[in-house]
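Asker: Sending over entry.cif (mmCIF, C-alpha atoms).
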data_work
loop_
_atom_site.group_PDB
_atom_site.id
_atom_site.type_symbol
_atom_site.label_atom_id
_atom_site.label_comp_id
_atom_site.auth_asym_id
_atom_site.auth_seq_id
_atom_site.Cartn_x
_atom_site.Cartn_y
_atom_site.Cartn_z
ATOM 1 C CA MET A 1 -30.298 -31.709 -33.228
ATOM 2 C CA PHE A 2 -30.856 -28.429 -31.323
ATOM 3 C CA LYS A 3 -34.351 -29.561 -30.295
ATOM 4 C CA LYS A 4 -32.769 -32.267 -28.151
ATOM 5 C CA LEU A 5 -30.687 -29.788 -26.149
ATOM 6 C CA LYS A 6 -31.617 -29.146 -22.549
ATOM 7 C CA THR A 7 -32.648 -25.588 -21.808
ATOM 8 C CA ASP A 8 -29.652 -24.967 -19.518
ATOM 9 C CA THR A 9 -27.206 -26.213 -22.174
ATOM 10 C CA PHE A 10 -28.796 -24.027 -24.838
ATOM 11 C CA ASN A 11 -28.710 -21.017 -22.499
ATOM 12 C CA TRP A 12 -24.990 -21.532 -21.812
ATOM 13 C CA ILE A 13 -24.274 -21.697 -25.557
ATOM 14 C CA VAL A 14 -26.133 -18.413 -26.054
ATOM 15 C CA ILE A 15 -24.357 -16.780 -23.093
ATOM 16 C CA VAL A 16 -20.900 -17.781 -24.364
ATOM 17 C CA GLY A 17 -21.805 -16.520 -27.837
ATOM 18 C CA VAL A 18 -22.922 -13.160 -26.444
ATOM 19 C CA ILE A 19 -19.733 -12.862 -24.331
ATOM 20 C CA LEU A 20 -17.574 -13.531 -27.408
ATOM 21 C CA LEU A 21 -19.531 -10.890 -29.311
ATOM 22 C CA ILE A 22 -19.023 -8.339 -26.520
ATOM 23 C CA PHE A 23 -15.281 -9.110 -26.337
ATOM 24 C CA GLU A 24 -14.969 -8.600 -30.078
ATOM 25 C CA ILE A 25 -16.743 -5.242 -29.866
ATOM 26 C CA ILE A 26 -14.615 -4.044 -26.934
ATOM 27 C CA PHE A 27 -11.160 -5.367 -27.783
ATOM 28 C CA HIS A 28 -11.309 -5.373 -31.587
ATOM 29 C CA PHE A 29 -13.270 -2.129 -32.023
ATOM 30 C CA GLY A 30 -16.258 -3.921 -33.470
ATOM 31 C CA GLY A 31 -14.270 -6.523 -35.394
ATOM 32 C CA ALA A 32 -16.322 -7.811 -38.310
ATOM 33 C CA ILE A 33 -19.563 -6.284 -37.009
ATOM 34 C CA ILE A 34 -19.069 -2.865 -38.635
ATOM 35 C CA PRO A 35 -18.264 -4.315 -42.117
ATOM 36 C CA ALA A 36 -21.275 -6.625 -41.736
ATOM 37 C CA VAL A 37 -23.590 -3.687 -40.950
ATOM 38 C CA PHE A 38 -22.322 -1.607 -43.881
ATOM 39 C CA SER A 39 -22.548 -4.629 -46.211
ATOM 40 C CA ALA A 40 -26.151 -5.221 -45.088
ATOM 41 C CA ILE A 41 -27.069 -1.572 -45.756
ATOM 42 C CA PHE A 42 -25.586 -1.560 -49.277
ATOM 43 C CA ALA A 43 -27.111 -4.984 -50.018
ATOM 44 C CA TYR A 44 -30.498 -3.570 -49.021
ATOM 45 C CA ILE A 45 -29.994 -0.562 -51.348
ATOM 46 C CA GLY A 46 -29.131 -2.964 -54.163
ATOM 47 C CA TRP A 47 -32.154 -5.129 -53.413
ATOM 48 C CA LYS A 48 -34.508 -2.115 -53.455
ATOM 49 C CA ASN A 49 -33.136 -1.260 -56.915
ATOM 50 C CA PHE A 50 -32.893 -4.860 -58.139
ATOM 51 C CA GLN A 51 -34.692 -4.007 -61.381
ATOM 52 C CA HIS A 52 -31.576 -2.108 -62.478
ATOM 53 C CA LEU A 53 -28.300 -3.761 -63.456
ATOM 54 C CA TRP A 54 -26.312 -1.733 -60.920
ATOM 55 C CA GLY A 55 -28.756 -2.822 -58.216
ATOM 56 C CA LYS A 56 -28.189 -6.507 -59.033
ATOM 57 C CA VAL A 57 -24.404 -6.014 -58.999
ATOM 58 C CA LEU A 58 -24.514 -4.041 -55.739
ATOM 59 C CA PHE A 59 -26.764 -6.628 -54.078
ATOM 60 C CA GLY A 60 -24.623 -9.594 -55.174
ATOM 61 C CA ILE A 61 -21.307 -8.058 -54.125
ATOM 62 C CA PHE A 62 -22.397 -6.870 -50.696
ATOM 63 C CA VAL A 63 -24.346 -10.038 -49.868
ATOM 64 C CA ILE A 64 -21.061 -11.917 -50.339
ATOM 65 C CA PHE A 65 -19.249 -9.338 -48.165
ATOM 66 C CA PHE A 66 -21.993 -9.654 -45.546
ATOM 67 C CA VAL A 67 -21.720 -13.462 -45.399
ATOM 68 C CA PHE A 68 -17.919 -13.373 -45.050
ATOM 69 C CA SER A 69 -18.139 -10.638 -42.408
ATOM 70 C CA ILE A 70 -20.618 -12.705 -40.386
ATOM 71 C CA LEU A 71 -18.420 -15.799 -40.659
ATOM 72 C CA ASN A 72 -15.466 -13.784 -39.283
ATOM 73 C CA LEU A 73 -17.278 -13.110 -36.011
ATOM 74 C CA TRP A 74 -15.949 -15.087 -33.033
ATOM 75 C CA ALA A 75 -19.472 -15.797 -31.840
ATOM 76 C CA VAL A 76 -20.524 -17.223 -35.215
ATOM 77 C CA ARG A 77 -17.396 -19.407 -35.425
ATOM 78 C CA PHE A 78 -18.121 -20.667 -31.914
ATOM 79 C CA LEU A 79 -21.707 -21.550 -32.890
ATOM 80 C CA ILE A 80 -20.493 -23.364 -36.025
ATOM 81 C CA VAL A 81 -18.053 -25.449 -33.951
ATOM 82 C CA VAL A 82 -20.799 -26.217 -31.415
ATOM 83 C CA ALA A 83 -23.176 -27.237 -34.226
ATOM 84 C CA ILE A 84 -20.569 -29.606 -35.714
ATOM 85 C CA ILE A 85 -19.865 -31.179 -32.301
ATOM 86 C CA LEU A 86 -23.580 -31.628 -31.592
ATOM 87 C CA TRP A 87 -24.149 -33.125 -35.035
ATOM 88 C CA LEU A 88 -21.302 -35.627 -34.568
ATOM 89 C CA LYS A 89 -22.618 -36.512 -31.097
ATOM 90 C CA ASP A 90 -26.159 -36.963 -32.421
ATOM 91 C CA TYR A 91 -24.915 -39.054 -35.364
ATOM 92 C CA SER A 92 -22.859 -41.280 -33.050
ATOM 93 C CA GLU A 93 -25.813 -41.846 -30.723
ATOM 94 C CA SER A 94 -28.159 -42.606 -33.628
ATOM 95 C CA LYS A 95 -25.851 -45.418 -34.750
ATOM 96 C CA LYS A 96 -25.974 -47.007 -31.298
ATOM 97 C CA ARG A 97 -29.696 -46.548 -30.855
ATOM 98 C CA LYS A 98 -32.001 -49.338 -32.012
ATOM 99 C CA ASP A 99 -35.362 -48.601 -33.486
ATOM 100 C CA PHE A 100 -38.242 -49.796 -31.387
ATOM 101 C CA GLU A 101 -42.004 -49.704 -31.480
ATOM 102 C CA PRO A 102 -43.755 -48.639 -28.254
ATOM 103 C CA ASN A 103 -46.105 -51.230 -26.843
ATOM 104 C CA LEU A 104 -49.258 -49.355 -25.935
ATOM 105 C CA PRO A 105 -52.155 -50.979 -24.129
ATOM 106 C CA SER A 106 -54.986 -51.930 -26.456
ATOM 107 C CA ASP A 107 -57.437 -49.805 -24.508
ATOM 108 C CA VAL A 108 -55.472 -46.562 -25.036
ATOM 109 C CA ILE A 109 -57.572 -44.167 -27.072
ATOM 110 C CA HIS A 110 -55.995 -41.164 -28.762
ATOM 111 C CA GLN A 111 -58.606 -38.469 -28.571
ATOM 112 C CA ASP A 112 -56.495 -35.434 -29.476
ATOM 113 C CA LYS A 113 -56.577 -34.672 -33.180
ATOM 114 C CA LEU A 114 -54.434 -31.930 -34.667
ATOM 115 C CA VAL A 115 -55.150 -30.172 -37.921
ATOM 116 C CA LYS A 116 -52.184 -28.606 -39.679
ATOM 117 C CA ILE A 117 -53.108 -25.166 -41.031
ATOM 118 C CA LYS A 118 -51.146 -23.349 -43.693
ATOM 119 C CA PRO A 119 -49.904 -19.959 -42.362
ATOM 120 C CA LEU A 120 -51.019 -16.789 -44.060
ATOM 121 C CA PHE A 121 -47.370 -15.869 -44.740
ATOM 122 C CA THR A 122 -44.109 -17.756 -44.916
ATOM 123 C CA ASN A 123 -40.990 -16.210 -43.410
ATOM 124 C CA THR A 124 -38.679 -14.598 -45.949
ATOM 125 C CA PHE A 125 -35.430 -12.733 -45.341
ATOM 126 C CA PHE A 126 -35.004 -10.651 -48.517
ATOM 127 C CA ASP A 127 -38.395 -9.873 -50.002
ATOM 128 C CA ASP A 128 -41.568 -7.838 -49.563
ATOM 129 C CA VAL A 129 -44.530 -9.553 -47.921
ATOM 130 C CA ARG A 130 -48.098 -8.410 -48.502
ATOM 131 C CA THR A 131 -51.631 -9.760 -48.328
ATOM 132 C CA GLU A 132 -53.494 -10.598 -51.519
ATOM 133 C CA ASP A 133 -55.543 -7.965 -53.317
ATOM 134 C CA ILE A 134 -58.467 -10.371 -53.426
ATOM 135 C CA ALA A 135 -60.533 -11.874 -50.606
ATOM 136 C CA TYR A 136 -58.584 -14.300 -48.424
ATOM 137 C CA GLN A 137 -59.216 -16.401 -45.316
ATOM 138 C CA TRP A 138 -57.805 -14.897 -42.143
ATOM 139 C CA ARG A 139 -55.159 -16.687 -40.086
ATOM 140 C CA ASP A 140 -53.168 -15.111 -37.275
ATOM 141 C CA VAL A 141 -49.821 -13.680 -38.411
ATOM 142 C CA ASN A 142 -46.490 -14.482 -36.738
ATOM 143 C CA ILE A 143 -43.537 -13.685 -39.020
ATOM 144 C CA HIS A 144 -39.967 -12.374 -38.950
ATOM 145 C CA GLY A 145 -37.603 -11.054 -41.622
ATOM 146 C CA VAL A 146 -34.437 -9.134 -42.431
ATOM 147 C CA PHE A 147 -35.052 -6.808 -45.411
ATOM 148 C CA GLY A 148 -38.209 -5.656 -47.163
ATOM 149 C CA ASP A 149 -41.637 -4.194 -46.472
ATOM 150 C CA ARG A 150 -44.550 -5.894 -44.728
ATOM 151 C CA VAL A 151 -48.042 -4.849 -45.878
ATOM 152 C CA ILE A 152 -51.216 -6.312 -44.338
ATOM 153 C CA ASP A 153 -54.646 -5.209 -45.571
ATOM 154 C CA LEU A 154 -57.468 -6.415 -43.327
ATOM 155 C CA SER A 155 -60.216 -5.068 -45.590
ATOM 156 C CA ASN A 156 -60.060 -8.155 -47.840
ATOM 157 C CA THR A 157 -60.761 -10.693 -45.109
ATOM 158 C CA VAL A 158 -63.281 -11.487 -42.377
ATOM 159 C CA LEU A 159 -61.758 -11.325 -38.911
ATOM 160 C CA PRO A 160 -62.890 -13.800 -36.236
ATOM 161 C CA ASN A 161 -65.382 -12.614 -33.659
ATOM 162 C CA ASP A 162 -62.701 -12.435 -30.993
ATOM 163 C CA THR A 163 -59.079 -11.219 -31.089
ATOM 164 C CA ALA A 164 -56.965 -11.499 -34.226
ATOM 165 C CA ILE A 165 -53.183 -11.432 -33.724
ATOM 166 C CA ILE A 166 -50.509 -9.818 -35.907
ATOM 167 C CA SER A 167 -46.924 -10.317 -34.701
ATOM 168 C CA ILE A 168 -44.051 -9.033 -36.866
ATOM 169 C CA ARG A 169 -40.358 -8.996 -35.954
ATOM 170 C CA HIS A 170 -38.263 -7.313 -38.612
ATOM 171 C CA LEU A 171 -34.789 -5.879 -39.117
ATOM 172 C CA ILE A 172 -34.879 -3.243 -41.884
ATOM 173 C CA GLY A 173 -37.979 -2.143 -43.787
ATOM 174 C CA ASN A 174 -41.434 -0.620 -43.351
ATOM 175 C CA ILE A 175 -44.617 -2.091 -41.914
ATOM 176 C CA GLU A 176 -48.040 -0.991 -43.202
ATOM 177 C CA ILE A 177 -51.294 -2.284 -41.713
ATOM 178 C CA TYR A 178 -54.720 -1.238 -43.024
ATOM 179 C CA VAL A 179 -57.624 -1.745 -40.602
ATOM 180 C CA PRO A 180 -61.381 -1.426 -41.331
ATOM 181 C CA TYR A 181 -63.242 1.239 -39.371
ATOM 182 C CA GLU A 182 -65.412 -1.231 -37.417
ATOM 183 C CA VAL A 183 -62.403 -3.116 -35.998
ATOM 184 C CA GLU A 184 -60.920 -2.188 -32.602
ATOM 185 C CA VAL A 185 -57.119 -2.071 -32.459
ATOM 186 C CA SER A 186 -54.263 -2.466 -29.967
ATOM 187 C CA ILE A 187 -50.745 -1.593 -31.176
ATOM 188 C CA HIS A 188 -47.530 -2.360 -29.308
ATOM 189 C CA HIS A 189 -44.536 -1.276 -31.388
ATOM 190 C CA SER A 190 -40.822 -1.028 -30.590
ATOM 191 C CA SER A 191 -38.078 0.382 -32.800
ATOM 192 C CA VAL A 192 -34.398 1.313 -32.654
ATOM 193 C CA PHE A 193 -34.554 3.806 -35.557
ATOM 194 C CA GLY A 194 -37.676 4.892 -37.362
ATOM 195 C CA ARG A 195 -40.995 6.703 -37.349
ATOM 196 C CA ALA A 196 -44.541 5.753 -36.409
ATOM 197 C CA PHE A 197 -47.827 6.903 -37.963
ATOM 198 C CA ILE A 198 -50.708 5.331 -36.052
ATOM 199 C CA PHE A 199 -54.099 6.733 -36.999
ATOM 200 C CA ASN A 200 -53.897 10.399 -35.917
ATOM 201 C CA GLU A 201 -50.768 9.952 -33.820
ATOM 202 C CA GLU A 202 -47.257 10.563 -35.155
ATOM 203 C CA ASP A 203 -43.794 9.999 -33.744
ATOM 204 C CA ARG A 204 -41.078 11.124 -36.164
ATOM 205 C CA ASN A 205 -38.191 10.461 -33.804
ATOM 206 C CA LEU A 206 -38.682 6.877 -32.692
ATOM 207 C CA VAL A 207 -35.174 6.095 -31.415
ATOM 208 C CA ASN A 208 -34.932 3.037 -29.156
ATOM 209 C CA LYS A 209 -38.507 3.487 -27.984
ATOM 210 C CA SER A 210 -41.679 1.489 -27.544
ATOM 211 C CA LEU A 211 -45.218 2.679 -28.225
ATOM 212 C CA LEU A 212 -48.489 1.271 -26.926
ATOM 213 C CA TYR A 213 -51.868 2.457 -28.203
ATOM 214 C CA GLN A 214 -55.351 1.019 -28.245
ATOM 215 C CA THR A 215 -58.721 2.275 -29.416
ATOM 216 C CA GLU A 216 -61.223 3.413 -26.823
ATOM 217 C CA ASN A 217 -63.490 0.342 -26.984
ATOM 218 C CA TYR A 218 -60.807 -2.287 -27.511
ATOM 219 C CA ASP A 219 -61.414 -4.024 -24.166
ATOM 220 C CA THR A 220 -65.151 -4.478 -24.692
ATOM 221 C CA THR A 221 -65.860 -4.635 -28.431
ATOM 222 C CA TYR A 222 -65.308 -7.273 -31.120
ATOM 223 C CA PRO A 223 -63.896 -7.915 -33.642
ATOM 224 C CA ARG A 224 -60.524 -6.576 -32.619
ATOM 225 C CA VAL A 225 -56.926 -6.997 -33.682
ATOM 226 C CA LYS A 226 -53.832 -7.017 -31.502
ATOM 227 C CA ILE A 227 -50.706 -5.810 -33.325
ATOM 228 C CA ILE A 228 -47.251 -6.503 -31.892
ATOM 229 C CA THR A 229 -44.322 -5.301 -34.010
ATOM 230 C CA SER A 230 -40.604 -4.681 -33.589
ATOM 231 C CA LEU A 231 -38.183 -3.043 -36.022
ATOM 232 C CA PHE A 232 -34.492 -2.287 -35.985
ATOM 233 C CA SER A 233 -34.797 0.420 -38.653
ATOM 234 C CA GLY A 234 -37.965 1.409 -40.468
ATOM 235 C CA ASP A 235 -41.369 3.064 -40.268
ATOM 236 C CA ILE A 236 -44.713 1.681 -39.156
ATOM 237 C CA GLU A 237 -48.040 2.968 -40.440
ATOM 238 C CA VAL A 238 -51.424 1.802 -39.156
ATOM 239 C CA LYS A 239 -54.430 3.487 -40.732
ATOM 240 C CA ARG A 240 -58.129 3.011 -41.373
ATOM 241 C CA ILE A 241 -59.441 1.914 -44.733
#
Will you turn the file into C-alpha cells for me?

Answerer:
Amino acid sequence: MFKKLKTDTFNWIVIVGVILLIFEIIFHFGGAIIPAVFSAIFAYIGWKNFQHLWGKVLFGIFVIFFVFSILNLWAVRFLIVVAIILWLKDYSESKKRKDFEPNLPSDVIHQDKLVKIKPLFTNTFFDDVRTEDIAYQWRDVNIHGVFGDRVIDLSNTVLPNDTAIISIRHLIGNIEIYVPYEVEVSIHHSSVFGRAFIFNEEDRNLVNKSLLYQTENYDTTYPRVKIITSLFSGDIEVKRI
C-alpha cells in the first residue's frame, strides 16, 4: 500500500504529521507525548526486571498506557486515517484491475540472478540482541530497535577482506561492540543522552552530540569495520578483544 505512494505524496503526509505533532506540543503542552515518554521509561524498567513478578506487572501496565498515549496523538490519528483511506483506495483499484501476463519477446534473456541472504539479526523492539558465542558467518548489520542492549562480538567470525558495515539505530539501551586487534575501525556515533567509551577515549557527557573516530591505518589497511550508530538514550562501548 505505502510502497505505491509517490515520493511527493509520502513527503506531504510526513510533513502534515510533523506539523500536527508540533501543534500538540505547543498548544497542548505536550499533549499525550509526556505520558507516552513516562510510560515508555517505566515499561523499560519493568522489562529489565522481567524475571520478577513486579517487573512483569510494571511492564504490562505501562505498555498498555504507552499504546493508548500514542493513539491519543493527533499525528498518529492522522496517520491511521490516511492508512485507512489508502487501503480503501487500493482495495477499490484492485477490484477494477484485471490480472494480466506480460508478453515478453522470446529472445529476452534474464541474466540478473538474486540470492536472498538471511540477515545476521532480525529487528526487535523489546529485547536484547547479541551475536552467538560460537563461530558464525559474517553478514553486514543494519538493525533498529526501541528497548534493550545490542552486543556484537567480532572475535567469533571472519570479516571480509574489505569493509564490514555495522549500522544500529536504537532508542533506549546500550551498544557494545568487541573488535579484534588486527581489525581497523571507524566509528560514527550520535546520541541525545548517554556516554561513549571508545578504546582509550571517553565522553561521559554525550548530550545531543556526534562523535567520529577512526584508527590510524583505517584508510589503507584491511580488514576494517565501519560502525554507524545512533541512540536516543544509552551508552556505547567499543573495545578490543

Asker: If you count only C-alpha atoms, which residues fall within 12 Å of A:Ile33, apart from same-chain ones fewer than 4 positions away, as a list in words?

Answerer: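 Near A:Ile33, the qualifying residues are Leu21, Ile22, Phe23, Glu24, Ile25, Ile26, His28, Phe29, Val37, Phe38, Ser39, Ala40, Phe65, Phe66, Val67, Phe68, Ser69, Ile70, Leu71, Asn72, Leu73, Trp74, Ala75 and Val76 of chain A.
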
Asker: Please produce an output containing C-alpha atoms for each residue in the selection, written as a PDB file, in the frame of the given file.

Answerer:
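Wrote it out as selection13.pdb, contents follow:
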ATOM      1  CA  LEU A  21     -19.531 -10.890 -29.311  1.00  0.00           C
ATOM      2  CA  ILE A  22     -19.023  -8.339 -26.520  1.00  0.00           C
ATOM      3  CA  PHE A  23     -15.281  -9.110 -26.337  1.00  0.00           C
ATOM      4  CA  GLU A  24     -14.969  -8.600 -30.078  1.00  0.00           C
ATOM      5  CA  ILE A  25     -16.743  -5.242 -29.866  1.00  0.00           C
ATOM      6  CA  ILE A  26     -14.615  -4.044 -26.934  1.00  0.00           C
ATOM      7  CA  HIS A  28     -11.309  -5.373 -31.587  1.00  0.00           C
ATOM      8  CA  PHE A  29     -13.270  -2.129 -32.023  1.00  0.00           C
ATOM      9  CA  VAL A  37     -23.590  -3.687 -40.950  1.00  0.00           C
ATOM     10  CA  PHE A  38     -22.322  -1.607 -43.881  1.00  0.00           C
ATOM     11  CA  SER A  39     -22.548  -4.629 -46.211  1.00  0.00           C
ATOM     12  CA  ALA A  40     -26.151  -5.221 -45.088  1.00  0.00           C
ATOM     13  CA  PHE A  65     -19.249  -9.338 -48.165  1.00  0.00           C
ATOM     14  CA  PHE A  66     -21.993  -9.654 -45.546  1.00  0.00           C
ATOM     15  CA  VAL A  67     -21.720 -13.462 -45.399  1.00  0.00           C
ATOM     16  CA  PHE A  68     -17.919 -13.373 -45.050  1.00  0.00           C
ATOM     17  CA  SER A  69     -18.139 -10.638 -42.408  1.00  0.00           C
ATOM     18  CA  ILE A  70     -20.618 -12.705 -40.386  1.00  0.00           C
ATOM     19  CA  LEU A  71     -18.420 -15.799 -40.659  1.00  0.00           C
ATOM     20  CA  ASN A  72     -15.466 -13.784 -39.283  1.00  0.00           C
ATOM     21  CA  LEU A  73     -17.278 -13.110 -36.011  1.00  0.00           C
ATOM     22  CA  TRP A  74     -15.949 -15.087 -33.033  1.00  0.00           C
ATOM     23  CA  ALA A  75     -19.472 -15.797 -31.840  1.00  0.00           C
ATOM     24  CA  VAL A  76     -20.524 -17.223 -35.215  1.00  0.00           C
TER      25      VAL A  76
END

Asker: The PyMOL selection byres ((chain A and resi 213) around 8) - which residues does that actually catch in the file I just gave you? List them as a list of chain:residue names.

Answerer: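 For this structure, the PyMOL selection byres ((chain A and resi 213) around 8) resolves to A:Ser186, A:Ile187, A:His188, A:Leu211, A:Leu212, A:Gln214, A:Thr215.
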
Asker: Just checking: using only C-alpha atoms, which residue out of A:Ser230, A:Thr131, A:Asn217, A:Thr157 ends up closest to A:His170?

Answerer: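 That would be A:Ser230, the residue with the smallest distance to A:His170.
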
Asker: Hey, can you check how far atom CA of A:Gly145 sits from atom CA of A:Gly46?

Answerer: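 Rounded to one decimal, the two atoms are 17.2 Å apart.
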
Asker: List as a Markdown table every residue of stretch 194-235 of chain A that is in contact with stretch 174-182 of chain A, defined as an atom at most 12 Å from one of its atoms (using only C-alpha atoms), together with the nearest atom pair and the distance in Å rounded to one decimal, sorted by chain and then rising number.

Answerer:
| residue | atom | partner | partner_atom | distance |
| --- | --- | --- | --- | --- |
| A:Gly194 | CA | A:Asn174 | CA | 9.0 |
| A:Arg195 | CA | A:Asn174 | CA | 9.5 |
| A:Ala196 | CA | A:Ile175 | CA | 9.6 |
| A:Phe197 | CA | A:Glu176 | CA | 9.5 |
| A:Ile198 | CA | A:Ile177 | CA | 9.5 |
| A:Phe199 | CA | A:Val179 | CA | 9.9 |
| A:Thr215 | CA | A:Tyr181 | CA | 11.0 |
| A:Asn217 | CA | A:Glu182 | CA | 10.7 |
| A:Tyr218 | CA | A:Glu182 | CA | 11.0 |
| A:Thr221 | CA | A:Glu182 | CA | 9.6 |
| A:Tyr222 | CA | A:Glu182 | CA | 8.7 |
| A:Pro223 | CA | A:Glu182 | CA | 7.8 |
| A:Arg224 | CA | A:Glu182 | CA | 8.7 |
| A:Val225 | CA | A:Val179 | CA | 8.7 |
| A:Lys226 | CA | A:Val179 | CA | 11.2 |
| A:Ile227 | CA | A:Ile177 | CA | 9.1 |
| A:Ile228 | CA | A:Ile175 | CA | 11.3 |
| A:Thr229 | CA | A:Ile175 | CA | 8.5 |
| A:Ser230 | CA | A:Ile175 | CA | 9.6 |
| A:Leu231 | CA | A:Asn174 | CA | 8.4 |
| A:Phe232 | CA | A:Asn174 | CA | 10.3 |
| A:Ser233 | CA | A:Asn174 | CA | 8.2 |
| A:Gly234 | CA | A:Asn174 | CA | 4.9 |
| A:Asp235 | CA | A:Asn174 | CA | 4.8 |

Asker: How would you write as a short mmCIF file (atom, residue, chain, number, x, y, z; two decimals) with C-alpha atoms, keeping the file's coordinate frame the residues that get within 7 Å of (-40.3, -11.6, -41.0) in the file's frame, counting all atoms listed in the file?

Answerer:
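The result, stored in point_36.cif:
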data_model
loop_
_atom_site.label_atom_id
_atom_site.label_comp_id
_atom_site.auth_asym_id
_atom_site.auth_seq_id
_atom_site.Cartn_x
_atom_site.Cartn_y
_atom_site.Cartn_z
CA ASN A 123 -40.99 -16.21 -43.41
CA THR A 124 -38.68 -14.60 -45.95
CA PHE A 125 -35.43 -12.73 -45.34
CA ILE A 143 -43.54 -13.68 -39.02
CA HIS A 144 -39.97 -12.37 -38.95
CA GLY A 145 -37.60 -11.05 -41.62
CA VAL A 146 -34.44 -9.13 -42.43
CA ILE A 168 -44.05 -9.03 -36.87
CA ARG A 169 -40.36 -9.00 -35.95
CA HIS A 170 -38.26 -7.31 -38.61
#

Asker: Of the residues A:Glu132, A:Ser210, A:Val238, A:Ile172, which is the one nearest to A:Tyr44, using only C-alpha atoms?

Answerer: A:Ile172

Asker: So, with all atoms listed in the file as the atoms that count, which of A:Glu93, A:Glu202, A:Asp149, A:Asp133 lies closest to A:Gly173?

Answerer: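 Closest candidate: A:Asp149.
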
Asker: Taking N, CA and C atoms as the atom set, what does stretch 218-233 of chain A look like once completed, written as a PDB file, keeping the file's coordinate frame?

Answerer:
ATOM      1  N   TYR A 218     -61.506  -1.030 -27.217  1.00  0.00           N
ATOM      2  CA  TYR A 218     -60.807  -2.287 -27.511  1.00  0.00           C
ATOM      3  C   TYR A 218     -61.115  -3.376 -26.483  1.00  0.00           C
ATOM      4  N   ASP A 219     -61.230  -3.020 -25.224  1.00  0.00           N
ATOM      5  CA  ASP A 219     -61.414  -4.024 -24.166  1.00  0.00           C
ATOM      6  C   ASP A 219     -62.809  -4.642 -24.141  1.00  0.00           C
ATOM      7  N   THR A 220     -63.768  -4.015 -24.821  1.00  0.00           N
ATOM      8  CA  THR A 220     -65.151  -4.478 -24.692  1.00  0.00           C
ATOM      9  C   THR A 220     -65.817  -4.827 -26.014  1.00  0.00           C
ATOM     10  N   THR A 221     -65.194  -4.507 -27.139  1.00  0.00           N
ATOM     11  CA  THR A 221     -65.860  -4.635 -28.431  1.00  0.00           C
ATOM     12  C   THR A 221     -65.099  -5.593 -29.349  1.00  0.00           C
ATOM     13  N   TYR A 222     -65.858  -6.361 -30.120  1.00  0.00           N
ATOM     14  CA  TYR A 222     -65.308  -7.273 -31.120  1.00  0.00           C
ATOM     15  C   TYR A 222     -65.925  -6.940 -32.479  1.00  0.00           C
ATOM     16  N   PRO A 223     -65.226  -7.302 -33.573  1.00  0.00           N
ATOM     17  CA  PRO A 223     -63.896  -7.915 -33.642  1.00  0.00           C
ATOM     18  C   PRO A 223     -62.810  -6.902 -33.296  1.00  0.00           C
ATOM     19  N   ARG A 224     -61.645  -7.433 -32.940  1.00  0.00           N
ATOM     20  CA  ARG A 224     -60.524  -6.576 -32.619  1.00  0.00           C
ATOM     21  C   ARG A 224     -59.229  -7.263 -33.043  1.00  0.00           C
ATOM     22  N   VAL A 225     -58.213  -6.458 -33.243  1.00  0.00           N
ATOM     23  CA  VAL A 225     -56.926  -6.997 -33.682  1.00  0.00           C
ATOM     24  C   VAL A 225     -55.828  -6.472 -32.773  1.00  0.00           C
ATOM     25  N   LYS A 226     -54.968  -7.372 -32.341  1.00  0.00           N
ATOM     26  CA  LYS A 226     -53.832  -7.017 -31.502  1.00  0.00           C
ATOM     27  C   LYS A 226     -52.576  -7.063 -32.366  1.00  0.00           C
ATOM     28  N   ILE A 227     -51.875  -5.931 -32.464  1.00  0.00           N
ATOM     29  CA  ILE A 227     -50.706  -5.810 -33.325  1.00  0.00           C
ATOM     30  C   ILE A 227     -49.465  -5.653 -32.457  1.00  0.00           C
ATOM     31  N   ILE A 228     -48.517  -6.558 -32.626  1.00  0.00           N
ATOM     32  CA  ILE A 228     -47.251  -6.503 -31.892  1.00  0.00           C
ATOM     33  C   ILE A 228     -46.128  -6.505 -32.926  1.00  0.00           C
ATOM     34  N   THR A 229     -45.362  -5.423 -32.985  1.00  0.00           N
ATOM     35  CA  THR A 229     -44.322  -5.301 -34.010  1.00  0.00           C
ATOM     36  C   THR A 229     -43.020  -4.796 -33.381  1.00  0.00           C
ATOM     37  N   SER A 230     -41.912  -5.195 -34.001  1.00  0.00           N
ATOM     38  CA  SER A 230     -40.604  -4.681 -33.589  1.00  0.00           C
ATOM     39  C   SER A 230     -39.748  -4.510 -34.840  1.00  0.00           C
ATOM     40  N   LEU A 231     -39.029  -3.387 -34.889  1.00  0.00           N
ATOM     41  CA  LEU A 231     -38.183  -3.043 -36.022  1.00  0.00           C
ATOM     42  C   LEU A 231     -36.834  -2.568 -35.518  1.00  0.00           C
ATOM     43  N   PHE A 232     -35.785  -2.909 -36.262  1.00  0.00           N
ATOM     44  CA  PHE A 232     -34.492  -2.287 -35.985  1.00  0.00           C
ATOM     45  C   PHE A 232     -34.443  -0.915 -36.651  1.00  0.00           C
ATOM     46  N   SER A 233     -34.783  -0.855 -37.938  1.00  0.00           N
ATOM     47  CA  SER A 233     -34.797   0.420 -38.653  1.00  0.00           C
ATOM     48  C   SER A 233     -35.926   0.400 -39.676  1.00  0.00           C
TER      49      SER A 233
END
